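Asker: Here you go, one structure.
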Amino acid sequence: MDLRALVVFPDQESASILVPVLCEMGMALEQTSSISRGLKLVSDERYDAILFEYGGEESSQEFLTRVRQSPKNRPAVLIAIVDEEFDARPLFDWA
């Protein structure tokens with residue numbers, strides 16, 4: 001069984017660093033730079049890992065909330081890359 005990962009990074013430079021590493025690990029990848037596309041994928045598909053760039057804006061919050069509420073993806077490993085200028089506390093609020 002292949003492990004599947006979703007990579008949602010508007011910054012393609014960051015994605016270009018992570019994608020080869022995930023491929024070397026043998027993960028099947030779905031990649032998008034659009035949070036709205038990422039939201040659709042989270043609704044439709046199941047992933048073992050979800051990596052996304054958290055920007056603190058409303059769309060990042062919505063993505064995070066939808067991943068947490070998704071029965072298919074709640075067990076997925078969630079990895080968020082956070083710029084130092086944003087408050088990362090919402091990432092740890094599982095309520």
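In the structure tokens, chains take letters A, B, ... by order of appearance, with residues numbered from 1 within each chain and ligands from 1 in the order shown.
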When DSSP is applied to the backbone of this structure, which of chain A are assigned helix (DSSP H, G or I)? Write them out as a PDB file with all heavy atoms, in the first residue's frame.

Answerer:
```pdb
ATOM      1  N   GLN A  12       5.862  28.055  -4.213  1.00  0.00           N
ATOM      2  CA  GLN A  12       6.389  26.906  -4.935  1.00  0.00           C
ATOM      3  C   GLN A  12       7.861  26.637  -4.625  1.00  0.00           C
ATOM      4  O   GLN A  12       8.337  25.521  -4.762  1.00  0.00           O
ATOM      5  CB  GLN A  12       6.190  27.096  -6.438  1.00  0.00           C
ATOM      6  CG  GLN A  12       4.728  26.995  -6.836  1.00  0.00           C
ATOM      7  CD  GLN A  12       4.118  25.676  -6.393  1.00  0.00           C
ATOM      8  OE1 GLN A  12       4.496  24.611  -6.858  1.00  0.00           O
ATOM      9  NE2 GLN A  12       3.158  25.738  -5.476  1.00  0.00           N
ATOM     10  N   GLU A  13       8.580  27.639  -4.159  1.00  0.00           N
ATOM     11  CA  GLU A  13       9.978  27.423  -3.775  1.00  0.00           C
ATOM     12  C   GLU A  13      10.060  26.463  -2.586  1.00  0.00           C
ATOM     13  O   GLU A  13      10.871  25.540  -2.569  1.00  0.00           O
ATOM     14  CB  GLU A  13      10.653  28.756  -3.432  1.00  0.00           C
ATOM     15  CG  GLU A  13      12.134  28.613  -3.172  1.00  0.00           C
ATOM     16  CD  GLU A  13      12.798  29.954  -2.926  1.00  0.00           C
ATOM     17  OE1 GLU A  13      12.327  30.981  -3.460  1.00  0.00           O
ATOM     18  OE2 GLU A  13      13.802  29.967  -2.190  1.00  0.00           O
ATOM     19  N   SER A  14       9.200  26.662  -1.604  1.00  0.00           N
ATOM     20  CA  SER A  14       9.160  25.759  -0.450  1.00  0.00           C
ATOM     21  C   SER A  14       8.732  24.362  -0.874  1.00  0.00           C
ATOM     22  O   SER A  14       9.298  23.364  -0.431  1.00  0.00           O
ATOM     23  CB  SER A  14       8.193  26.277   0.615  1.00  0.00           C
ATOM     24  OG  SER A  14       8.619  27.502   1.130  1.00  0.00           O
ATOM     25  N   ALA A  15       7.733  24.288  -1.730  1.00  0.00           N
ATOM     26  CA  ALA A  15       7.248  22.991  -2.203  1.00  0.00           C
ATOM     27  C   ALA A  15       8.338  22.246  -2.954  1.00  0.00           C
ATOM     28  O   ALA A  15       8.473  21.027  -2.829  1.00  0.00           O
ATOM     29  CB  ALA A  15       6.027  23.176  -3.088  1.00  0.00           C
ATOM     30  N   SER A  16       9.150  22.972  -3.706  1.00  0.00           N
ATOM     31  CA  SER A  16      10.196  22.319  -4.497  1.00  0.00           C
ATOM     32  C   SER A  16      11.268  21.685  -3.615  1.00  0.00           C
ATOM     33  O   SER A  16      11.993  20.800  -4.061  1.00  0.00           O
ATOM     34  CB  SER A  16      10.834  23.316  -5.472  1.00  0.00           C
ATOM     35  OG  SER A  16      11.607  24.276  -4.788  1.00  0.00           O
ATOM     36  N   ILE A  17      11.346  22.099  -2.375  1.00  0.00           N
ATOM     37  CA  ILE A  17      12.287  21.485  -1.427  1.00  0.00           C
ATOM     38  C   ILE A  17      11.679  20.219  -0.833  1.00  0.00           C
ATOM     39  O   ILE A  17      12.343  19.195  -0.701  1.00  0.00           O
ATOM     40  CB  ILE A  17      12.654  22.482  -0.305  1.00  0.00           C
ATOM     41  CG1 ILE A  17      13.435  23.655  -0.893  1.00  0.00           C
ATOM     42  CG2 ILE A  17      13.450  21.795   0.801  1.00  0.00           C
ATOM     43  CD1 ILE A  17      13.602  24.822   0.049  1.00  0.00           C
ATOM     44  N   LEU A  18      10.408  20.278  -0.489  1.00  0.00           N
ATOM     45  CA  LEU A  18       9.746  19.153   0.179  1.00  0.00           C
ATOM     46  C   LEU A  18       9.371  18.006  -0.748  1.00  0.00           C
ATOM     47  O   LEU A  18       9.483  16.842  -0.374  1.00  0.00           O
ATOM     48  CB  LEU A  18       8.479  19.639   0.877  1.00  0.00           C
ATOM     49  CG  LEU A  18       8.687  20.488   2.108  1.00  0.00           C
ATOM     50  CD1 LEU A  18       7.361  21.066   2.571  1.00  0.00           C
ATOM     51  CD2 LEU A  18       9.316  19.675   3.207  1.00  0.00           C
ATOM     52  N   VAL A  19       8.917  18.317  -1.935  1.00  0.00           N
ATOM     53  CA  VAL A  19       8.395  17.290  -2.839  1.00  0.00           C
ATOM     54  C   VAL A  19       9.426  16.203  -3.145  1.00  0.00           C
ATOM     55  O   VAL A  19       9.109  15.011  -3.048  1.00  0.00           O
ATOM     56  CB  VAL A  19       7.801  17.927  -4.113  1.00  0.00           C
ATOM     57  CG1 VAL A  19       7.556  16.905  -5.193  1.00  0.00           C
ATOM     58  CG2 VAL A  19       6.514  18.668  -3.753  1.00  0.00           C
ATOM     59  N   PRO A  20      10.666  16.538  -3.500  1.00  0.00           N
ATOM     60  CA  PRO A  20      11.635  15.464  -3.767  1.00  0.00           C
ATOM     61  C   PRO A  20      11.891  14.559  -2.556  1.00  0.00           C
ATOM     62  O   PRO A  20      12.069  13.352  -2.709  1.00  0.00           O
ATOM     63  CB  PRO A  20      12.908  16.212  -4.172  1.00  0.00           C
ATOM     64  CG  PRO A  20      12.444  17.552  -4.631  1.00  0.00           C
ATOM     65  CD  PRO A  20      11.222  17.848  -3.814  1.00  0.00           C
ATOM     66  N   VAL A  21      11.882  15.133  -1.370  1.00  0.00           N
ATOM     67  CA  VAL A  21      12.090  14.339  -0.155  1.00  0.00           C
ATOM     68  C   VAL A  21      10.947  13.344   0.021  1.00  0.00           C
ATOM     69  O   VAL A  21      11.171  12.164   0.304  1.00  0.00           O
ATOM     70  CB  VAL A  21      12.220  15.248   1.086  1.00  0.00           C
ATOM     71  CG1 VAL A  21      12.262  14.437   2.367  1.00  0.00           C
ATOM     72  CG2 VAL A  21      13.442  16.146   0.969  1.00  0.00           C
ATOM     73  N   LEU A  22       9.721  13.805  -0.156  1.00  0.00           N
ATOM     74  CA  LEU A  22       8.560  12.926  -0.026  1.00  0.00           C
ATOM     75  C   LEU A  22       8.570  11.834  -1.100  1.00  0.00           C
ATOM     76  O   LEU A  22       8.235  10.687  -0.820  1.00  0.00           O
ATOM     77  CB  LEU A  22       7.273  13.737  -0.100  1.00  0.00           C
ATOM     78  CG  LEU A  22       7.064  14.728   1.049  1.00  0.00           C
ATOM     79  CD1 LEU A  22       5.897  15.654   0.743  1.00  0.00           C
ATOM     80  CD2 LEU A  22       6.853  14.008   2.356  1.00  0.00           C
ATOM     81  N   CYS A  23       8.983  12.200  -2.297  1.00  0.00           N
ATOM     82  CA  CYS A  23       9.072  11.202  -3.372  1.00  0.00           C
ATOM     83  C   CYS A  23      10.127  10.147  -3.052  1.00  0.00           C
ATOM     84  O   CYS A  23       9.914   8.962  -3.297  1.00  0.00           O
ATOM     85  CB  CYS A  23       9.387  11.883  -4.698  1.00  0.00           C
ATOM     86  SG  CYS A  23       7.992  12.805  -5.372  1.00  0.00           S
ATOM     87  N   GLU A  24      11.257  10.577  -2.497  1.00  0.00           N
ATOM     88  CA  GLU A  24      12.303   9.629  -2.095  1.00  0.00           C
ATOM     89  C   GLU A  24      11.798   8.663  -1.032  1.00  0.00           C
ATOM     90  O   GLU A  24      12.245   7.520  -0.960  1.00  0.00           O
ATOM     91  CB  GLU A  24      13.526  10.370  -1.548  1.00  0.00           C
ATOM     92  CG  GLU A  24      14.480  10.827  -2.608  1.00  0.00           C
ATOM     93  CD  GLU A  24      15.746  11.400  -2.008  1.00  0.00           C
ATOM     94  OE1 GLU A  24      16.260  10.848  -1.011  1.00  0.00           O
ATOM     95  OE2 GLU A  24      16.207  12.415  -2.554  1.00  0.00           O
ATOM     96  N   ILE A  35      -5.216  26.867  -1.913  1.00  0.00           N
ATOM     97  CA  ILE A  35      -5.897  26.361  -0.717  1.00  0.00           C
ATOM     98  C   ILE A  35      -7.306  25.893  -1.071  1.00  0.00           C
ATOM     99  O   ILE A  35      -7.772  24.871  -0.561  1.00  0.00           O
ATOM    100  CB  ILE A  35      -5.907  27.418   0.408  1.00  0.00           C
ATOM    101  CG1 ILE A  35      -4.490  27.550   0.978  1.00  0.00           C
ATOM    102  CG2 ILE A  35      -6.886  27.042   1.509  1.00  0.00           C
ATOM    103  CD1 ILE A  35      -4.335  28.486   2.127  1.00  0.00           C
ATOM    104  N   SER A  36      -7.982  26.581  -1.981  1.00  0.00           N
ATOM    105  CA  SER A  36      -9.332  26.150  -2.358  1.00  0.00           C
ATOM    106  C   SER A  36      -9.290  24.767  -3.013  1.00  0.00           C
ATOM    107  O   SER A  36     -10.146  23.925  -2.747  1.00  0.00           O
ATOM    108  CB  SER A  36     -10.009  27.171  -3.272  1.00  0.00           C
ATOM    109  OG  SER A  36      -9.291  27.336  -4.472  1.00  0.00           O
ATOM    110  N   ARG A  37      -8.286  24.491  -3.834  1.00  0.00           N
ATOM    111  CA  ARG A  37      -8.131  23.156  -4.419  1.00  0.00           C
ATOM    112  C   ARG A  37      -7.791  22.147  -3.317  1.00  0.00           C
ATOM    113  O   ARG A  37      -8.294  21.023  -3.310  1.00  0.00           O
ATOM    114  CB  ARG A  37      -7.044  23.174  -5.494  1.00  0.00           C
ATOM    115  CG  ARG A  37      -6.676  21.827  -6.031  1.00  0.00           C
ATOM    116  CD  ARG A  37      -7.604  21.394  -7.151  1.00  0.00           C
ATOM    117  NE  ARG A  37      -7.113  20.136  -7.696  1.00  0.00           N
ATOM    118  CZ  ARG A  37      -7.834  19.031  -7.766  1.00  0.00           C
ATOM    119  NH1 ARG A  37      -9.091  19.041  -7.402  1.00  0.00           N
ATOM    120  NH2 ARG A  37      -7.326  17.928  -8.248  1.00  0.00           N
ATOM    121  N   GLY A  38      -6.952  22.545  -2.370  1.00  0.00           N
ATOM    122  CA  GLY A  38      -6.623  21.683  -1.245  1.00  0.00           C
ATOM    123  C   GLY A  38      -7.857  21.317  -0.436  1.00  0.00           C
ATOM    124  O   GLY A  38      -8.018  20.176  -0.007  1.00  0.00           O
ATOM    125  N   LEU A  39      -8.762  22.269  -0.263  1.00  0.00           N
ATOM    126  CA  LEU A  39     -10.009  22.009   0.457  1.00  0.00           C
ATOM    127  C   LEU A  39     -10.843  20.960  -0.268  1.00  0.00           C
ATOM    128  O   LEU A  39     -11.415  20.065   0.362  1.00  0.00           O
ATOM    129  CB  LEU A  39     -10.817  23.297   0.618  1.00  0.00           C
ATOM    130  CG  LEU A  39     -10.293  24.285   1.645  1.00  0.00           C
ATOM    131  CD1 LEU A  39     -11.008  25.618   1.502  1.00  0.00           C
ATOM    132  CD2 LEU A  39     -10.434  23.730   3.041  1.00  0.00           C
ATOM    133  N   LYS A  40     -10.915  21.049  -1.580  1.00  0.00           N
ATOM    134  CA  LYS A  40     -11.670  20.063  -2.357  1.00  0.00           C
ATOM    135  C   LYS A  40     -11.031  18.686  -2.225  1.00  0.00           C
ATOM    136  O   LYS A  40     -11.733  17.686  -2.027  1.00  0.00           O
ATOM    137  CB  LYS A  40     -11.724  20.487  -3.822  1.00  0.00           C
ATOM    138  CG  LYS A  40     -12.339  19.425  -4.712  1.00  0.00           C
ATOM    139  CD  LYS A  40     -13.242  19.991  -5.730  1.00  0.00           C
ATOM    140  CE  LYS A  40     -13.870  18.972  -6.640  1.00  0.00           C
ATOM    141  NZ  LYS A  40     -14.434  17.786  -6.045  1.00  0.00           N
ATOM    142  N   LEU A  41      -9.713  18.623  -2.313  1.00  0.00           N
ATOM    143  CA  LEU A  41      -9.022  17.337  -2.206  1.00  0.00           C
ATOM    144  C   LEU A  41      -9.221  16.702  -0.831  1.00  0.00           C
ATOM    145  O   LEU A  41      -9.428  15.500  -0.719  1.00  0.00           O
ATOM    146  CB  LEU A  41      -7.532  17.511  -2.515  1.00  0.00           C
ATOM    147  CG  LEU A  41      -7.222  17.841  -3.976  1.00  0.00           C
ATOM    148  CD1 LEU A  41      -5.776  18.295  -4.124  1.00  0.00           C
ATOM    149  CD2 LEU A  41      -7.514  16.649  -4.868  1.00  0.00           C
ATOM    150  N   VAL A  42      -9.176  17.515   0.220  1.00  0.00           N
ATOM    151  CA  VAL A  42      -9.390  17.002   1.576  1.00  0.00           C
ATOM    152  C   VAL A  42     -10.807  16.454   1.725  1.00  0.00           C
ATOM    153  O   VAL A  42     -11.029  15.472   2.429  1.00  0.00           O
ATOM    154  CB  VAL A  42      -9.095  18.104   2.626  1.00  0.00           C
ATOM    155  CG1 VAL A  42      -9.662  17.761   3.983  1.00  0.00           C
ATOM    156  CG2 VAL A  42      -7.601  18.351   2.735  1.00  0.00           C
ATOM    157  N   SER A  43     -11.755  17.074   1.041  1.00  0.00           N
ATOM    158  CA  SER A  43     -13.139  16.596   1.105  1.00  0.00           C
ATOM    159  C   SER A  43     -13.335  15.287   0.340  1.00  0.00           C
ATOM    160  O   SER A  43     -14.139  14.452   0.737  1.00  0.00           O
ATOM    161  CB  SER A  43     -14.092  17.645   0.520  1.00  0.00           C
ATOM    162  OG  SER A  43     -14.076  18.798   1.300  1.00  0.00           O
ATOM    163  N   ASP A  44     -12.586  15.127  -0.751  1.00  0.00           N
ATOM    164  CA  ASP A  44     -12.808  13.997  -1.646  1.00  0.00           C
ATOM    165  C   ASP A  44     -11.889  12.797  -1.416  1.00  0.00           C
ATOM    166  O   ASP A  44     -12.260  11.675  -1.732  1.00  0.00           O
ATOM    167  CB  ASP A  44     -12.637  14.436  -3.105  1.00  0.00           C
ATOM    168  CG  ASP A  44     -13.669  15.457  -3.534  1.00  0.00           C
ATOM    169  OD1 ASP A  44     -14.696  15.606  -2.834  1.00  0.00           O
ATOM    170  OD2 ASP A  44     -13.445  16.104  -4.575  1.00  0.00           O
ATOM    171  N   GLU A  58      -7.476  33.804   6.807  1.00  0.00           N
ATOM    172  CA  GLU A  58      -8.717  33.049   6.971  1.00  0.00           C
ATOM    173  C   GLU A  58      -8.714  31.741   6.172  1.00  0.00           C
ATOM    174  O   GLU A  58      -9.195  30.722   6.647  1.00  0.00           O
ATOM    175  CB  GLU A  58      -9.913  33.909   6.557  1.00  0.00           C
ATOM    176  CG  GLU A  58     -11.238  33.280   6.887  1.00  0.00           C
ATOM    177  CD  GLU A  58     -12.411  34.199   6.590  1.00  0.00           C
ATOM    178  OE1 GLU A  58     -12.280  35.418   6.792  1.00  0.00           O
ATOM    179  OE2 GLU A  58     -13.453  33.685   6.164  1.00  0.00           O
ATOM    180  N   SER A  59      -8.157  31.750   4.979  1.00  0.00           N
ATOM    181  CA  SER A  59      -8.157  30.535   4.163  1.00  0.00           C
ATOM    182  C   SER A  59      -7.286  29.437   4.795  1.00  0.00           C
ATOM    183  O   SER A  59      -7.630  28.261   4.728  1.00  0.00           O
ATOM    184  CB  SER A  59      -7.702  30.824   2.735  1.00  0.00           C
ATOM    185  OG  SER A  59      -6.407  31.372   2.715  1.00  0.00           O
ATOM    186  N   SER A  60      -6.189  29.821   5.442  1.00  0.00           N
ATOM    187  CA  SER A  60      -5.362  28.832   6.155  1.00  0.00           C
ATOM    188  C   SER A  60      -6.123  28.248   7.334  1.00  0.00           C
ATOM    189  O   SER A  60      -6.073  27.052   7.591  1.00  0.00           O
ATOM    190  CB  SER A  60      -4.064  29.462   6.662  1.00  0.00           C
ATOM    191  OG  SER A  60      -3.168  29.720   5.632  1.00  0.00           O
ATOM    192  N   GLN A  61      -6.842  29.106   8.048  1.00  0.00           N
ATOM    193  CA  GLN A  61      -7.662  28.649   9.180  1.00  0.00           C
ATOM    194  C   GLN A  61      -8.745  27.691   8.710  1.00  0.00           C
ATOM    195  O   GLN A  61      -9.003  26.667   9.330  1.00  0.00           O
ATOM    196  CB  GLN A  61      -8.298  29.833   9.891  1.00  0.00           C
ATOM    197  CG  GLN A  61      -7.419  30.515  10.891  1.00  0.00           C
ATOM    198  CD  GLN A  61      -6.976  29.563  11.965  1.00  0.00           C
ATOM    199  OE1 GLN A  61      -5.792  29.431  12.194  1.00  0.00           O
ATOM    200  NE2 GLN A  61      -7.874  28.884  12.644  1.00  0.00           N
ATOM    201  N   GLU A  62      -9.399  28.045   7.603  1.00  0.00           N
ATOM    202  CA  GLU A  62     -10.457  27.183   7.076  1.00  0.00           C
ATOM    203  C   GLU A  62      -9.886  25.820   6.665  1.00  0.00           C
ATOM    204  O   GLU A  62     -10.477  24.787   6.947  1.00  0.00           O
ATOM    205  CB  GLU A  62     -11.144  27.832   5.874  1.00  0.00           C
ATOM    206  CG  GLU A  62     -12.260  26.979   5.320  1.00  0.00           C
ATOM    207  CD  GLU A  62     -12.940  27.582   4.105  1.00  0.00           C
ATOM    208  OE1 GLU A  62     -12.584  28.694   3.680  1.00  0.00           O
ATOM    209  OE2 GLU A  62     -13.839  26.906   3.586  1.00  0.00           O
ATOM    210  N   PHE A  63      -8.731  25.832   6.021  1.00  0.00           N
ATOM    211  CA  PHE A  63      -8.100  24.577   5.616  1.00  0.00           C
ATOM    212  C   PHE A  63      -7.812  23.711   6.837  1.00  0.00           C
ATOM    213  O   PHE A  63      -8.133  22.527   6.870  1.00  0.00           O
ATOM    214  CB  PHE A  63      -6.819  24.852   4.828  1.00  0.00           C
ATOM    215  CG  PHE A  63      -6.173  23.607   4.309  1.00  0.00           C
ATOM    216  CD1 PHE A  63      -6.655  23.000   3.160  1.00  0.00           C
ATOM    217  CD2 PHE A  63      -5.113  23.030   4.970  1.00  0.00           C
ATOM    218  CE1 PHE A  63      -6.072  21.828   2.681  1.00  0.00           C
ATOM    219  CE2 PHE A  63      -4.528  21.869   4.505  1.00  0.00           C
ATOM    220  CZ  PHE A  63      -5.010  21.267   3.352  1.00  0.00           C
ATOM    221  N   LEU A  64      -7.221  24.302   7.842  1.00  0.00           N
ATOM    222  CA  LEU A  64      -6.887  23.584   9.072  1.00  0.00           C
ATOM    223  C   LEU A  64      -8.150  23.005   9.719  1.00  0.00           C
ATOM    224  O   LEU A  64      -8.179  21.832  10.103  1.00  0.00           O
ATOM    225  CB  LEU A  64      -6.188  24.544  10.033  1.00  0.00           C
ATOM    226  CG  LEU A  64      -5.673  24.002  11.346  1.00  0.00           C
ATOM    227  CD1 LEU A  64      -4.628  22.924  11.111  1.00  0.00           C
ATOM    228  CD2 LEU A  64      -5.092  25.131  12.172  1.00  0.00           C
ATOM    229  N   THR A  65      -9.204  23.788   9.804  1.00  0.00           N
ATOM    230  CA  THR A  65     -10.459  23.332  10.391  1.00  0.00           C
ATOM    231  C   THR A  65     -11.051  22.174   9.602  1.00  0.00           C
ATOM    232  O   THR A  65     -11.480  21.172  10.178  1.00  0.00           O
ATOM    233  CB  THR A  65     -11.467  24.496  10.456  1.00  0.00           C
ATOM    234  OG1 THR A  65     -10.919  25.524  11.274  1.00  0.00           O
ATOM    235  CG2 THR A  65     -12.804  24.046  11.020  1.00  0.00           C
ATOM    236  N   ARG A  66     -11.050  22.293   8.283  1.00  0.00           N
ATOM    237  CA  ARG A  66     -11.631  21.238   7.442  1.00  0.00           C
ATOM    238  C   ARG A  66     -10.843  19.940   7.526  1.00  0.00           C
ATOM    239  O   ARG A  66     -11.430  18.860   7.510  1.00  0.00           O
ATOM    240  CB  ARG A  66     -11.732  21.708   5.993  1.00  0.00           C
ATOM    241  CG  ARG A  66     -12.692  22.858   5.789  1.00  0.00           C
ATOM    242  CD  ARG A  66     -14.112  22.436   5.449  1.00  0.00           C
ATOM    243  NE  ARG A  66     -14.235  21.758   4.203  1.00  0.00           N
ATOM    244  CZ  ARG A  66     -14.379  22.330   3.011  1.00  0.00           C
ATOM    245  NH1 ARG A  66     -14.407  23.647   2.906  1.00  0.00           N
ATOM    246  NH2 ARG A  66     -14.501  21.596   1.933  1.00  0.00           N
ATOM    247  N   VAL A  67      -9.524  20.033   7.627  1.00  0.00           N
ATOM    248  CA  VAL A  67      -8.718  18.811   7.791  1.00  0.00           C
ATOM    249  C   VAL A  67      -9.087  18.136   9.102  1.00  0.00           C
ATOM    250  O   VAL A  67      -9.303  16.926   9.159  1.00  0.00           O
ATOM    251  CB  VAL A  67      -7.207  19.109   7.741  1.00  0.00           C
ATOM    252  CG1 VAL A  67      -6.387  17.911   8.195  1.00  0.00           C
ATOM    253  CG2 VAL A  67      -6.783  19.528   6.340  1.00  0.00           C
ATOM    254  N   ARG A  68      -9.201  18.910  10.162  1.00  0.00           N
ATOM    255  CA  ARG A  68      -9.531  18.357  11.478  1.00  0.00           C
ATOM    256  C   ARG A  68     -10.927  17.757  11.518  1.00  0.00           C
ATOM    257  O   ARG A  68     -11.186  16.823  12.260  1.00  0.00           O
ATOM    258  CB  ARG A  68      -9.399  19.438  12.535  1.00  0.00           C
ATOM    259  CG  ARG A  68      -7.969  19.817  12.787  1.00  0.00           C
ATOM    260  CD  ARG A  68      -7.905  20.942  13.772  1.00  0.00           C
ATOM    261  NE  ARG A  68      -6.520  21.250  14.114  1.00  0.00           N
ATOM    262  CZ  ARG A  68      -6.122  22.386  14.609  1.00  0.00           C
ATOM    263  NH1 ARG A  68      -7.002  23.344  14.844  1.00  0.00           N
ATOM    264  NH2 ARG A  68      -4.858  22.580  14.906  1.00  0.00           N
ATOM    265  N   GLN A  69     -11.847  18.291  10.712  1.00  0.00           N
ATOM    266  CA  GLN A  69     -13.225  17.803  10.705  1.00  0.00           C
ATOM    267  C   GLN A  69     -13.447  16.669   9.711  1.00  0.00           C
ATOM    268  O   GLN A  69     -14.496  16.042   9.730  1.00  0.00           O
ATOM    269  CB  GLN A  69     -14.181  18.955  10.390  1.00  0.00           C
ATOM    270  CG  GLN A  69     -14.248  19.982  11.482  1.00  0.00           C
ATOM    271  CD  GLN A  69     -15.083  21.187  11.094  1.00  0.00           C
ATOM    272  OE1 GLN A  69     -15.441  21.385   9.938  1.00  0.00           O
ATOM    273  NE2 GLN A  69     -15.379  22.025  12.080  1.00  0.00           N
ATOM    274  N   ARG A  89      -0.211  29.409  17.331  1.00  0.00           N
ATOM    275  CA  ARG A  89      -1.076  28.807  18.342  1.00  0.00           C
ATOM    276  C   ARG A  89      -2.318  28.118  17.794  1.00  0.00           C
ATOM    277  O   ARG A  89      -2.681  27.046  18.277  1.00  0.00           O
ATOM    278  CB  ARG A  89      -1.459  29.824  19.406  1.00  0.00           C
ATOM    279  CG  ARG A  89      -0.334  30.051  20.433  1.00  0.00           C
ATOM    280  CD  ARG A  89      -0.721  31.036  21.458  1.00  0.00           C
ATOM    281  NE  ARG A  89      -0.429  32.336  20.834  1.00  0.00           N
ATOM    282  CZ  ARG A  89      -0.749  33.503  21.321  1.00  0.00           C
ATOM    283  NH1 ARG A  89      -1.413  33.567  22.439  1.00  0.00           N
ATOM    284  NH2 ARG A  89      -0.427  34.598  20.709  1.00  0.00           N
ATOM    285  N   PRO A  90      -2.990  28.674  16.758  1.00  0.00           N
ATOM    286  CA  PRO A  90      -4.177  27.977  16.248  1.00  0.00           C
ATOM    287  C   PRO A  90      -3.881  26.565  15.735  1.00  0.00           C
ATOM    288  O   PRO A  90      -4.771  25.713  15.698  1.00  0.00           O
ATOM    289  CB  PRO A  90      -4.659  28.883  15.107  1.00  0.00           C
ATOM    290  CG  PRO A  90      -4.151  30.232  15.454  1.00  0.00           C
ATOM    291  CD  PRO A  90      -2.827  29.977  16.142  1.00  0.00           C
ATOM    292  N   LEU A  91      -2.659  26.307  15.364  1.00  0.00           N
ATOM    293  CA  LEU A  91      -2.297  24.972  14.878  1.00  0.00           C
ATOM    294  C   LEU A  91      -2.407  23.922  15.984  1.00  0.00           C
ATOM    295  O   LEU A  91      -2.585  22.749  15.706  1.00  0.00           O
ATOM    296  CB  LEU A  91      -0.880  24.969  14.321  1.00  0.00           C
ATOM    297  CG  LEU A  91      -0.689  25.820  13.071  1.00  0.00           C
ATOM    298  CD1 LEU A  91       0.785  26.007  12.782  1.00  0.00           C
ATOM    299  CD2 LEU A  91      -1.402  25.175  11.906  1.00  0.00           C
ATOM    300  N   PHE A  92      -2.276  24.339  17.222  1.00  0.00           N
ATOM    301  CA  PHE A  92      -2.281  23.418  18.349  1.00  0.00           C
ATOM    302  C   PHE A  92      -3.610  23.376  19.078  1.00  0.00           C
ATOM    303  O   PHE A  92      -3.771  22.660  20.046  1.00  0.00           O
ATOM    304  CB  PHE A  92      -1.155  23.772  19.325  1.00  0.00           C
ATOM    305  CG  PHE A  92       0.188  23.739  18.691  1.00  0.00           C
ATOM    306  CD1 PHE A  92       0.811  24.905  18.274  1.00  0.00           C
ATOM    307  CD2 PHE A  92       0.827  22.531  18.479  1.00  0.00           C
ATOM    308  CE1 PHE A  92       2.053  24.856  17.661  1.00  0.00           C
ATOM    309  CE2 PHE A  92       2.070  22.476  17.868  1.00  0.00           C
ATOM    310  CZ  PHE A  92       2.681  23.629  17.462  1.00  0.00           C
TER     311      PHE A  92
END
```

Asker: I need the strand (DSSP E or B) residues of chain A per DSSP on the backbone, written as number ranges by chain.

Answerer: A: 4-8, 28-32, 49-54, 77-82

Asker: One decimal, Å: what's the distance from atom CA of A:Val7 over to atom CA of A:Val77, could you say?

Answerer: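 Interatomic distance here is 11.9 Å.
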
Asker: Applying 7 Å and only C-alpha atoms, which residues near A:Ser33 remain after dropping the ones on its own chain fewer than 6 positions away? List them as a list in words.

Answerer: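 These residues fall inside the cut-off: Val8, Phe9 and Pro10 of chain A.
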
Asker: Atom CA of A:Tyr47 and atom CA of A:Met25, how far apart in Å?

Answerer: 14.9 Å

Asker: How many Å lie between atom CA of A:Gln31 and atom CA of A:Ala49, rounded to one decimal?

Answerer: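 These two atoms are separated by 12.0 Å.
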